file coords.cif (mmCIF, C-alpha atoms)
data_my_file
#
loop_
_atom_site.label_atom_id
_atom_site.label_comp_id
_atom_site.auth_asym_id
_atom_site.auth_seq_id
_atom_site.Cartn_x
_atom_site.Cartn_y
_atom_site.Cartn_z
CA MET A 1 110.29 -40.63 -24.56
CA ASP A 2 107.95 -43.58 -24.05
CA GLN A 3 105.00 -43.06 -26.41
CA LYS A 4 101.44 -44.08 -25.75
CA CYS A 5 99.98 -47.04 -27.57
CA VAL A 6 98.25 -45.93 -30.77
CA ILE A 7 95.58 -48.61 -30.30
CA CYS A 8 94.29 -48.15 -26.74
CA LYS A 9 95.76 -44.65 -26.14
CA SER A 10 95.54 -45.40 -22.40
CA ALA A 11 99.09 -46.46 -21.58
CA THR A 12 102.66 -46.31 -22.80
CA TYR A 13 104.44 -49.21 -24.46
CA HIS A 14 106.50 -49.61 -21.30
CA GLN A 15 103.27 -50.05 -19.34
CA HIS A 16 102.16 -52.61 -21.90
CA ASP A 17 105.33 -54.62 -21.31
CA ALA A 18 105.05 -54.29 -17.51
CA LEU A 19 101.48 -55.61 -17.59
CA THR A 20 102.43 -58.54 -19.82
CA TYR A 21 105.31 -59.45 -17.49
CA SER A 22 103.00 -59.28 -14.47
CA LEU A 23 100.31 -61.45 -16.06
CA ARG A 24 102.86 -64.03 -17.22
CA LYS A 25 104.56 -64.22 -13.82
CA GLN A 26 101.28 -64.87 -12.05
CA PHE A 27 100.03 -67.25 -14.73
CA TRP A 28 103.16 -69.42 -14.54
CA GLN A 29 102.97 -69.46 -10.76
CA MET A 30 99.24 -70.29 -10.90
CA ILE A 31 98.18 -67.45 -8.63
CA PRO A 32 94.51 -68.14 -7.77
CA MET A 33 92.03 -65.99 -9.64
CA TYR A 34 90.72 -64.46 -6.40
CA LEU A 35 94.23 -63.12 -5.74
CA PHE A 36 95.26 -62.43 -9.32
CA MET A 37 96.44 -58.86 -9.91
CA TRP A 38 95.43 -57.52 -13.32
CA SER A 39 97.99 -54.76 -13.01
CA SER A 40 101.65 -54.43 -12.03
CA TRP A 41 102.99 -56.92 -9.47
CA ASP A 42 105.84 -54.58 -8.47
CA PRO A 43 105.26 -53.52 -4.82
CA ASN A 44 107.61 -50.58 -5.27
CA ASN A 45 105.63 -49.24 -8.21
CA PRO A 46 101.99 -50.25 -7.68
CA THR A 47 99.50 -49.42 -10.39
CA GLU A 48 95.74 -49.43 -10.57
CA GLU A 49 93.95 -51.82 -12.89
CA ASN A 50 93.58 -50.20 -16.31
CA PRO A 51 90.58 -51.78 -18.13
CA PRO A 52 91.26 -50.14 -21.53
CA LEU A 53 94.86 -51.38 -21.35
CA LEU A 54 93.71 -54.93 -20.51
CA ALA A 55 91.30 -54.81 -23.44
CA CYS A 56 93.86 -53.44 -25.89
CA THR A 57 94.15 -55.81 -28.84
CA ARG A 58 97.92 -55.49 -28.62
CA ILE A 59 97.81 -56.83 -25.05
CA GLN A 60 95.42 -59.60 -26.09
CA GLY A 61 97.87 -60.63 -28.78
CA GLU A 62 100.77 -60.55 -26.30
CA VAL A 63 98.79 -62.73 -23.85
CA MET A 64 98.44 -65.36 -26.53
CA LYS A 65 101.98 -65.06 -27.93
CA THR A 66 104.07 -64.52 -24.80
CA ILE A 67 101.97 -66.37 -22.22
CA ILE A 68 99.66 -69.04 -23.61
CA PHE A 69 101.93 -70.05 -26.51
CA HIS A 70 105.25 -69.16 -24.87
CA GLU A 71 107.71 -72.01 -25.36
CA HIS A 72 108.06 -72.37 -21.60
CA THR A 73 104.28 -72.64 -21.15
CA ILE A 74 104.11 -75.31 -23.82
CA GLN A 75 106.72 -77.40 -21.98
CA TYR A 76 105.67 -76.63 -18.40
CA SER A 77 102.01 -75.68 -18.62
CA PRO A 78 99.76 -74.98 -15.67
CA SER A 79 96.69 -77.18 -15.51
CA ASN A 80 94.08 -76.91 -18.27
CA ARG A 81 91.60 -75.90 -15.62
CA TYR A 82 93.78 -72.99 -14.55
CA VAL A 83 94.42 -71.86 -18.13
CA ALA A 84 90.68 -71.91 -18.82
CA SER A 85 89.93 -70.01 -15.61
CA PHE A 86 92.55 -67.39 -16.47
CA LEU A 87 91.18 -66.82 -19.97
CA LYS A 88 87.58 -66.81 -18.74
CA LYS A 89 88.37 -64.09 -16.20
CA TYR A 90 90.40 -62.12 -18.73
CA ILE A 91 87.61 -62.21 -21.32
CA GLU A 92 85.11 -61.07 -18.69
CA LYS A 93 87.29 -58.04 -17.96
CA ILE A 94 87.62 -57.21 -21.66
CA GLU A 95 83.85 -57.42 -22.14
CA ARG A 96 83.31 -54.75 -19.47
CA VAL A 97 85.15 -52.18 -21.60
CA PRO A 98 82.89 -50.15 -23.94
CA GLU A 99 83.32 -50.95 -27.62
CA TYR A 100 85.69 -53.77 -26.83
CA GLU A 101 87.13 -56.02 -29.52
CA LEU A 102 88.06 -59.62 -28.75
CA ASP A 103 91.10 -61.18 -30.38
CA ASP A 104 89.94 -64.03 -32.64
CA GLU A 105 92.77 -66.35 -31.60
CA LEU A 106 92.10 -65.74 -27.91
CA ILE A 107 88.39 -66.47 -28.05
CA GLU A 108 88.83 -69.47 -30.35
CA PHE A 109 91.45 -71.00 -28.06
CA TYR A 110 89.31 -70.39 -24.96
CA VAL A 111 86.16 -71.88 -26.48
CA GLY A 112 88.05 -75.03 -27.51
CA LEU A 113 89.66 -75.42 -24.09
CA ALA A 114 86.46 -74.69 -22.13
CA ALA A 115 84.62 -77.35 -24.13
CA THR A 116 86.95 -80.03 -22.78
CA THR A 117 87.62 -78.67 -19.28
CA ASN A 118 85.31 -79.04 -16.29
CA LEU A 119 85.52 -75.93 -14.12
CA ALA A 120 82.81 -77.07 -11.70
CA PHE A 121 84.88 -79.50 -9.63
CA ALA A 122 87.77 -78.83 -7.27
CA PRO A 123 91.10 -79.26 -9.08
CA THR A 124 93.21 -82.34 -8.42
CA GLY A 125 96.34 -83.90 -9.86
CA LEU A 126 99.88 -82.75 -10.54
CA CYS A 127 100.68 -79.77 -12.73
CA TYR A 128 103.58 -77.40 -13.29
CA LYS A 129 104.18 -74.15 -11.46
CA THR A 130 107.02 -71.86 -12.49
CA TYR A 131 108.53 -69.41 -10.02
CA THR A 132 110.46 -66.54 -11.61
CA LEU A 133 113.27 -65.21 -9.43
CA ASP A 134 114.14 -62.02 -11.30
CA LYS A 135 112.20 -59.22 -12.95
CA GLU A 136 113.36 -60.32 -16.40
CA GLN A 137 111.94 -63.82 -15.68
CA TYR A 138 115.06 -65.58 -16.95
CA THR A 139 115.89 -67.31 -13.65
CA ARG A 140 113.17 -69.84 -12.94
CA VAL A 141 112.38 -72.74 -10.65
CA VAL A 142 109.97 -75.25 -12.15
CA LEU A 143 108.02 -77.54 -9.83
CA GLN A 144 105.36 -80.15 -10.24
CA GLU A 145 102.79 -79.70 -7.48
CA GLU A 146 99.43 -81.09 -6.51
CA GLN A 147 96.49 -78.77 -7.05
CA ALA A 148 94.76 -79.89 -3.85
CA MET A 149 96.24 -78.70 -0.54
CA LEU A 150 95.83 -82.18 0.95
CA SER A 151 96.65 -85.07 -1.37
CA HIS A 152 97.48 -88.71 -0.66
CA GLY A 153 97.29 -87.91 3.05
CA SER A 154 100.09 -85.34 2.76
CA THR A 155 100.32 -81.55 2.80
CA GLY A 156 103.84 -81.70 1.38
CA LEU A 157 102.87 -81.92 -2.28
CA VAL A 158 102.05 -78.22 -2.59
CA THR A 159 103.97 -75.03 -1.81
CA TRP A 160 102.61 -73.02 1.11
CA GLU A 161 102.87 -69.30 1.84
CA CYS A 162 105.63 -69.89 4.39
CA GLY A 163 107.80 -71.41 1.69
CA LEU A 164 107.18 -68.45 -0.59
CA ARG A 165 108.09 -66.01 2.18
CA LEU A 166 111.32 -67.82 3.03
CA ALA A 167 112.27 -68.06 -0.64
CA ASP A 168 111.63 -64.34 -1.01
CA PHE A 169 113.88 -63.71 1.99
CA PHE A 170 116.81 -65.49 0.34
CA ILE A 171 116.17 -63.78 -3.00
CA GLU A 172 116.39 -60.45 -1.17
CA HIS A 173 119.44 -61.55 0.86
CA PRO A 174 121.40 -63.95 -1.40
CA ASP A 175 124.67 -63.38 0.47
CA ILE A 176 123.28 -65.48 3.32
CA ILE A 177 123.39 -68.64 1.22
CA ARG A 178 125.82 -67.83 -1.61
CA GLY A 179 128.66 -70.36 -1.54
CA LYS A 180 127.11 -72.14 1.47
CA ASN A 181 126.02 -75.71 2.15
CA VAL A 182 122.31 -75.74 2.91
CA VAL A 183 120.00 -78.35 4.44
CA GLU A 184 116.24 -77.96 4.12
CA LEU A 185 114.00 -79.65 6.68
CA GLY A 186 110.56 -80.76 5.52
CA ALA A 187 111.32 -79.67 1.97
CA GLY A 188 107.96 -80.63 0.47
CA CYS A 189 107.97 -79.73 -3.24
CA GLY A 190 111.40 -78.19 -2.80
CA LEU A 191 110.85 -74.51 -3.61
CA THR A 192 112.93 -72.85 -0.89
CA GLY A 193 115.93 -75.14 -1.24
CA PHE A 194 115.82 -74.93 -5.03
CA VAL A 195 115.72 -71.14 -4.80
CA CYS A 196 118.81 -71.26 -2.57
CA ALA A 197 120.58 -73.32 -5.24
CA ALA A 198 119.52 -70.86 -7.94
CA MET A 199 120.72 -67.92 -5.83
CA GLY A 200 124.21 -69.36 -5.44
CA ALA A 201 124.30 -71.97 -2.68
CA SER A 202 127.10 -74.50 -3.22
CA HIS A 203 125.04 -77.51 -2.22
CA VAL A 204 121.46 -78.07 -1.06
CA LEU A 205 120.28 -81.19 0.76
CA SER A 206 116.48 -81.32 0.39
CA THR A 207 115.11 -83.59 3.09
CA ASP A 208 111.74 -85.04 4.00
CA CYS A 209 110.41 -88.31 5.40
CA ASP A 210 107.33 -88.92 3.25
CA GLY A 211 107.90 -91.34 0.37
CA LYS A 212 105.56 -89.56 -2.06
CA VAL A 213 107.15 -86.21 -1.22
CA LEU A 214 110.66 -87.60 -1.77
CA ASN A 215 109.64 -89.01 -5.16
CA LEU A 216 108.22 -85.62 -6.15
CA LEU A 217 111.39 -83.89 -4.96
CA GLN A 218 113.47 -86.12 -7.24
CA THR A 219 111.15 -85.35 -10.16
CA ASN A 220 111.41 -81.63 -9.48
CA ARG A 221 115.18 -81.78 -9.16
CA LYS A 222 115.40 -83.29 -12.65
CA ALA A 223 113.06 -80.59 -14.01
CA ASN A 224 115.67 -77.96 -13.11
CA PRO A 225 118.84 -79.05 -14.95
CA GLU A 226 120.57 -75.69 -14.37
CA ILE A 227 120.77 -76.39 -10.62
CA SER A 228 120.14 -80.15 -10.33
CA ASP A 229 123.84 -80.96 -9.79
CA LYS A 230 123.80 -78.86 -6.62
CA ILE A 231 120.71 -80.53 -5.15
CA GLN A 232 120.55 -83.85 -3.33
CA VAL A 233 117.31 -85.43 -2.10
CA HIS A 234 117.51 -87.32 1.17
CA ASN A 235 115.18 -89.11 3.56
CA LEU A 236 115.60 -87.64 7.04
CA ASP A 237 113.92 -88.81 10.23
CA TRP A 238 114.18 -86.04 12.83
CA ALA A 239 114.04 -88.60 15.62
CA ASN A 240 117.16 -90.35 14.34
CA VAL A 241 120.15 -88.64 15.94
CA GLU A 242 122.68 -90.34 13.67
CA GLU A 243 120.80 -89.34 10.51
CA CYS A 244 120.50 -85.72 11.68
CA SER A 245 124.16 -85.56 12.59
CA SER A 246 125.20 -87.03 9.24
CA ALA A 247 122.92 -84.67 7.28
CA ALA A 248 124.43 -81.67 9.07
CA LYS A 249 128.04 -82.53 8.25
CA ASP A 250 129.75 -79.41 6.86
CA VAL A 251 126.40 -77.58 6.74
CA ASP A 252 126.38 -73.79 7.02
CA VAL A 253 122.67 -72.97 6.83
CA ILE A 254 119.60 -74.96 7.84
CA ILE A 255 116.22 -73.86 6.53
CA GLY A 256 112.61 -74.91 6.97
CA ALA A 257 109.20 -73.51 6.05
CA ASP A 258 106.01 -74.29 7.94
CA VAL A 259 107.50 -77.15 9.94
CA THR A 260 106.22 -76.00 13.36
CA TYR A 261 102.45 -76.41 12.97
CA ASP A 262 102.12 -79.77 14.77
CA PRO A 263 102.58 -79.50 18.56
CA THR A 264 103.27 -83.24 18.85
CA ILE A 265 106.53 -83.01 16.88
CA LEU A 266 108.00 -79.78 18.24
CA THR A 267 110.29 -81.46 20.77
CA THR A 268 111.54 -83.86 18.09
CA LEU A 269 112.17 -80.95 15.70
CA VAL A 270 114.06 -78.92 18.29
CA ASN A 271 116.15 -81.93 19.26
CA ALA A 272 116.99 -82.49 15.59
CA ILE A 273 118.06 -78.85 15.23
CA LYS A 274 120.10 -79.14 18.43
CA THR A 275 121.88 -82.17 16.99
CA MET A 276 122.58 -80.43 13.69
CA VAL A 277 123.70 -77.04 15.02
CA VAL A 278 127.06 -77.58 16.69
CA SER A 279 128.84 -74.33 15.85
CA SER A 280 128.15 -70.63 16.31
CA GLN A 281 128.90 -70.25 12.58
CA GLN A 282 125.77 -72.20 11.64
CA VAL A 283 122.40 -70.47 11.33
CA VAL A 284 118.87 -71.87 11.13
CA TYR A 285 116.19 -69.90 9.24
CA LEU A 286 112.61 -71.06 9.77
CA THR A 287 109.33 -69.46 8.72
CA ALA A 288 106.22 -70.23 10.73
CA VAL A 289 102.56 -69.31 10.34
CA VAL A 290 101.04 -68.35 13.67
CA ARG A 291 97.86 -70.39 13.19
CA ASN A 292 97.68 -71.26 16.87
CA PRO A 293 99.54 -68.82 19.18
CA GLU A 294 99.87 -71.53 21.84
CA THR A 295 101.66 -73.88 19.43
CA PHE A 296 103.99 -71.13 18.29
CA GLU A 297 104.81 -70.16 21.89
CA GLN A 298 105.36 -73.82 22.73
CA PHE A 299 107.98 -74.01 19.97
CA LEU A 300 109.77 -70.91 21.25
CA GLU A 301 109.74 -72.24 24.80
CA THR A 302 111.12 -75.59 23.65
CA ILE A 303 114.05 -73.79 22.04
CA ASP A 304 114.63 -71.78 25.24
CA GLN A 305 114.73 -74.98 27.27
CA THR A 306 117.77 -76.25 25.39
CA ASP A 307 121.21 -75.50 26.75
CA THR A 308 122.78 -74.75 23.35
CA LEU A 309 120.31 -72.82 21.17
CA VAL A 310 119.29 -69.17 21.07
CA LYS A 311 116.62 -67.59 18.89
CA SER A 312 115.36 -64.30 17.51
CA VAL A 313 112.00 -63.67 15.85
CA MET A 314 110.82 -61.13 13.31
CA SER A 315 107.54 -60.59 11.46
CA LEU A 316 107.45 -60.86 7.68
CA ASN A 317 103.97 -59.37 7.30
CA ASP A 318 105.04 -55.83 6.38
CA THR A 319 108.00 -56.77 4.25
CA ARG A 320 108.45 -55.66 0.66
CA MET A 321 110.11 -59.00 -0.06
CA ASN A 322 107.38 -60.38 -2.29
CA LEU A 323 108.86 -61.33 -5.63
CA LEU A 324 107.12 -64.69 -5.16
CA CYS A 325 104.66 -64.12 -2.33
CA HIS A 326 101.52 -62.08 -2.93
CA PRO A 327 102.00 -58.41 -1.96
CA SER A 328 99.03 -58.69 0.42
CA PRO A 329 99.98 -61.15 3.22
CA LEU A 330 97.37 -63.83 3.81
CA SER A 331 98.82 -65.12 7.10
CA ASP A 332 100.76 -63.98 10.13
CA ILE A 333 104.23 -65.29 9.26
CA ARG A 334 107.31 -65.06 11.46
CA LEU A 335 110.95 -65.63 10.62
CA LEU A 336 112.99 -67.41 13.29
CA LEU A 337 116.78 -67.28 13.41
CA ILE A 338 118.30 -69.99 15.57
CA THR A 339 121.99 -70.21 16.39
CA HIS A 340 124.36 -71.99 18.74
CA LYS A 341 125.12 -70.20 22.02
#
call {"tool": "encode", "arguments": {"input": "coords.cif", "output": "structure tokens"}}
result
Amino acid sequence: MDQKCVICKSATYHQHDALTYSLRKQFWQMIPMYLFMWSSWDPNNPTEENPPLLACTRIQGEVMKTIIFHEHTIQYSPSNRYVASFLKKYIEKIERVPEYELDDELIEFYVGLAATTNLAFAPTGLCYKTYTLDKEQYTRVVLQEEQAMLSHGSTGLVTWECGLRLADFFIEHPDIIRGKNVVELGAGCGLTGFVCAAMGASHVLSTDCDGKVLNLLQTNRKANPEISDKIQVHNLDWANVEECSSAAKDVDVIIGADVTYDPTILTTLVNAIKTMVVSSQQVVYLTAVVRNPETFEQFLETIDQTDTLVKSVMSLNDTRMNLLCHPSPLSDIRLLLITHK
């Protein structure tokens, strides 16, 4: 029988552990504070926020020991700004609980960090994000990412919701990529392809055409030694038929997240896919945000105009596949499956 905590008397020790796991998962992934869930992340077992549990001195101690001072955090820490924002919000929640008691180590660490961290300006610069792929948080993908959505003229230095959704799809359906050769188009920071490697893909070719993005991909590949041997970073110009054909040699699965947003490149993208998909055994999995319905329809029509490709579309908005993606969808995201006729 799982006993209740003798300190807070508001939750069992199992609930203590579940909360700590949830906080750590979100902290490592740098979930924004406006989306941060101060309760269980598990969509199959949702829980309400429990203020006395959050304020429990045992939980405060676990936050410091197993999150802030965790050996993984020390090596791959989120930005100082994020750590300070997390602790600030956490302390505010504790202070709302009657007769609260603040952990000395927690408050001392926060005060020291806040004194040297400017929270007033928009965050910039590279920092680490860690994506945990299992409930035990043993299987991880570590990425350096920019904190600003647009940096150095590129949107490819940060992971977008489409990438999280596609990664979640492969975590839920690992048989699709297990033992397969995978090519990722517009890989950006590399999350989806790296997840495929971690979930059992034989080889992943992470491609992009932006020099800064390719450099970051190489850095991120080296930061994941458990899967780095299975990942190759490659410059790929979709307009170059020979490059596309070469990249697709022996490929089983082609993936891409948020690569359909620009109407001026849709024909080039479809032609690249047409070049790469030469067998009915190959499958393309793309996720797309329907920001502009006309652009999305244009992409579907461009596929239909080919003489070799067929497509199917499904919504990912109501899915329970959200080990990485926030349980509350922020965007209208579709999954496209493209195959050879």
call {"tool": "residues_around", "arguments": {"input": "coords.cif", "residues": "segment 265-279 of chain A", "least_positions_apart": "5", "cutoff": "12 Å", "atoms": "all atoms listed in the file", "output": "mmCIF file with C-alpha atoms, keeping the file's coordinate frame"}}
result
data_model
loop_
_atom_site.group_PDB
_atom_site.id
_atom_site.type_symbol
_atom_site.label_atom_id
_atom_site.label_comp_id
_atom_site.auth_asym_id
_atom_site.auth_seq_id
_atom_site.Cartn_x
_atom_site.Cartn_y
_atom_site.Cartn_z
ATOM 1 C CA VAL A 182 122.310 -75.740 2.910
ATOM 2 C CA VAL A 183 120.000 -78.350 4.440
ATOM 3 C CA GLU A 184 116.240 -77.960 4.120
ATOM 4 C CA LEU A 185 114.000 -79.650 6.680
ATOM 5 C CA GLY A 186 110.560 -80.760 5.520
ATOM 6 C CA LEU A 236 115.600 -87.640 7.040
ATOM 7 C CA ASP A 237 113.920 -88.810 10.230
ATOM 8 C CA TRP A 238 114.180 -86.040 12.830
ATOM 9 C CA ALA A 239 114.040 -88.600 15.620
ATOM 10 C CA ASN A 240 117.160 -90.350 14.340
ATOM 11 C CA VAL A 241 120.150 -88.640 15.940
ATOM 12 C CA GLU A 242 122.680 -90.340 13.670
ATOM 13 C CA GLU A 243 120.800 -89.340 10.510
ATOM 14 C CA CYS A 244 120.500 -85.720 11.680
ATOM 15 C CA SER A 245 124.160 -85.560 12.590
ATOM 16 C CA SER A 246 125.200 -87.030 9.240
ATOM 17 C CA ALA A 247 122.920 -84.670 7.280
ATOM 18 C CA ALA A 248 124.430 -81.670 9.070
ATOM 19 C CA LYS A 249 128.040 -82.530 8.250
ATOM 20 C CA ASP A 250 129.750 -79.410 6.860
ATOM 21 C CA VAL A 251 126.400 -77.580 6.740
ATOM 22 C CA ASP A 252 126.380 -73.790 7.020
ATOM 23 C CA VAL A 253 122.670 -72.970 6.830
ATOM 24 C CA ILE A 254 119.600 -74.960 7.840
ATOM 25 C CA ILE A 255 116.220 -73.860 6.530
ATOM 26 C CA GLY A 256 112.610 -74.910 6.970
ATOM 27 C CA ASP A 258 106.010 -74.290 7.940
ATOM 28 C CA VAL A 259 107.500 -77.150 9.940
ATOM 29 C CA THR A 260 106.220 -76.000 13.360
ATOM 30 C CA VAL A 284 118.870 -71.870 11.130
ATOM 31 C CA TYR A 285 116.190 -69.900 9.240
ATOM 32 C CA LEU A 286 112.610 -71.060 9.770
ATOM 33 C CA THR A 295 101.660 -73.880 19.430
ATOM 34 C CA PHE A 296 103.990 -71.130 18.290
ATOM 35 C CA GLU A 297 104.810 -70.160 21.890
ATOM 36 C CA GLN A 298 105.360 -73.820 22.730
ATOM 37 C CA PHE A 299 107.980 -74.010 19.970
ATOM 38 C CA LEU A 300 109.770 -70.910 21.250
ATOM 39 C CA GLU A 301 109.740 -72.240 24.800
ATOM 40 C CA THR A 302 111.120 -75.590 23.650
ATOM 41 C CA ILE A 303 114.050 -73.790 22.040
ATOM 42 C CA ASP A 304 114.630 -71.780 25.240
ATOM 43 C CA GLN A 305 114.730 -74.980 27.270
ATOM 44 C CA THR A 306 117.770 -76.250 25.390
ATOM 45 C CA ASP A 307 121.210 -75.500 26.750
ATOM 46 C CA THR A 308 122.780 -74.750 23.350
ATOM 47 C CA LEU A 309 120.310 -72.820 21.170
ATOM 48 C CA VAL A 310 119.290 -69.170 21.070
ATOM 49 C CA LYS A 311 116.620 -67.590 18.890
ATOM 50 C CA LEU A 337 116.780 -67.280 13.410
ATOM 51 C CA ILE A 338 118.300 -69.990 15.570
ATOM 52 C CA THR A 339 121.990 -70.210 16.390
ATOM 53 C CA HIS A 340 124.360 -71.990 18.740
ATOM 54 C CA LYS A 341 125.120 -70.200 22.020
#
call {"tool": "closest_residue", "arguments": {"input": "coords.cif", "among": "A:Glu294, A:Glu49, A:Asp2, A:Glu62", "to": "Pro263 of chain A", "atoms": "all atoms listed in the file"}}
result
A:Glu294
call {"tool": "resolve_selection", "arguments": {"input": "coords.cif", "expression": "the PyMOL selection byres ((chain A and resi 313) around 8)", "output": "number ranges by chain"}}
result
A: 311-312, 314-315, 334-337
call {"tool": "closest_residue", "arguments": {"input": "coords.cif", "among": "A:Leu54, A:Leu113, A:Ala198, A:Val97", "to": "Ile68 of chain A", "atoms": "only C-alpha atoms"}}
result
A:Leu113
call {"tool": "closest_residue", "arguments": {"input": "coords.cif", "among": "A:Trp160, A:Tyr100, A:Phe194, A:Phe27", "to": "His70 of chain A", "atoms": "only C-alpha atoms"}}
result
A:Phe27
call {"tool": "closest_residue", "arguments": {"input": "coords.cif", "among": "A:Ile74, A:Ala197, A:Val111, A:Leu324", "to": "Pro225 of chain A", "atoms": "only C-alpha atoms"}}
result
A:Ala197
call {"tool": "atom_distance", "arguments": {"input": "coords.cif", "atom1": "atom CA of Gly188 of chain A", "atom2": "atom CA of Ala167 of chain A"}}
result
13.3 Å
call {"tool": "atom_distance", "arguments": {"input": "coords.cif", "atom1": "atom CA of Cys56 of chain A", "atom2": "atom CA of Lys129 of chain A"}}
result
27.3 Å
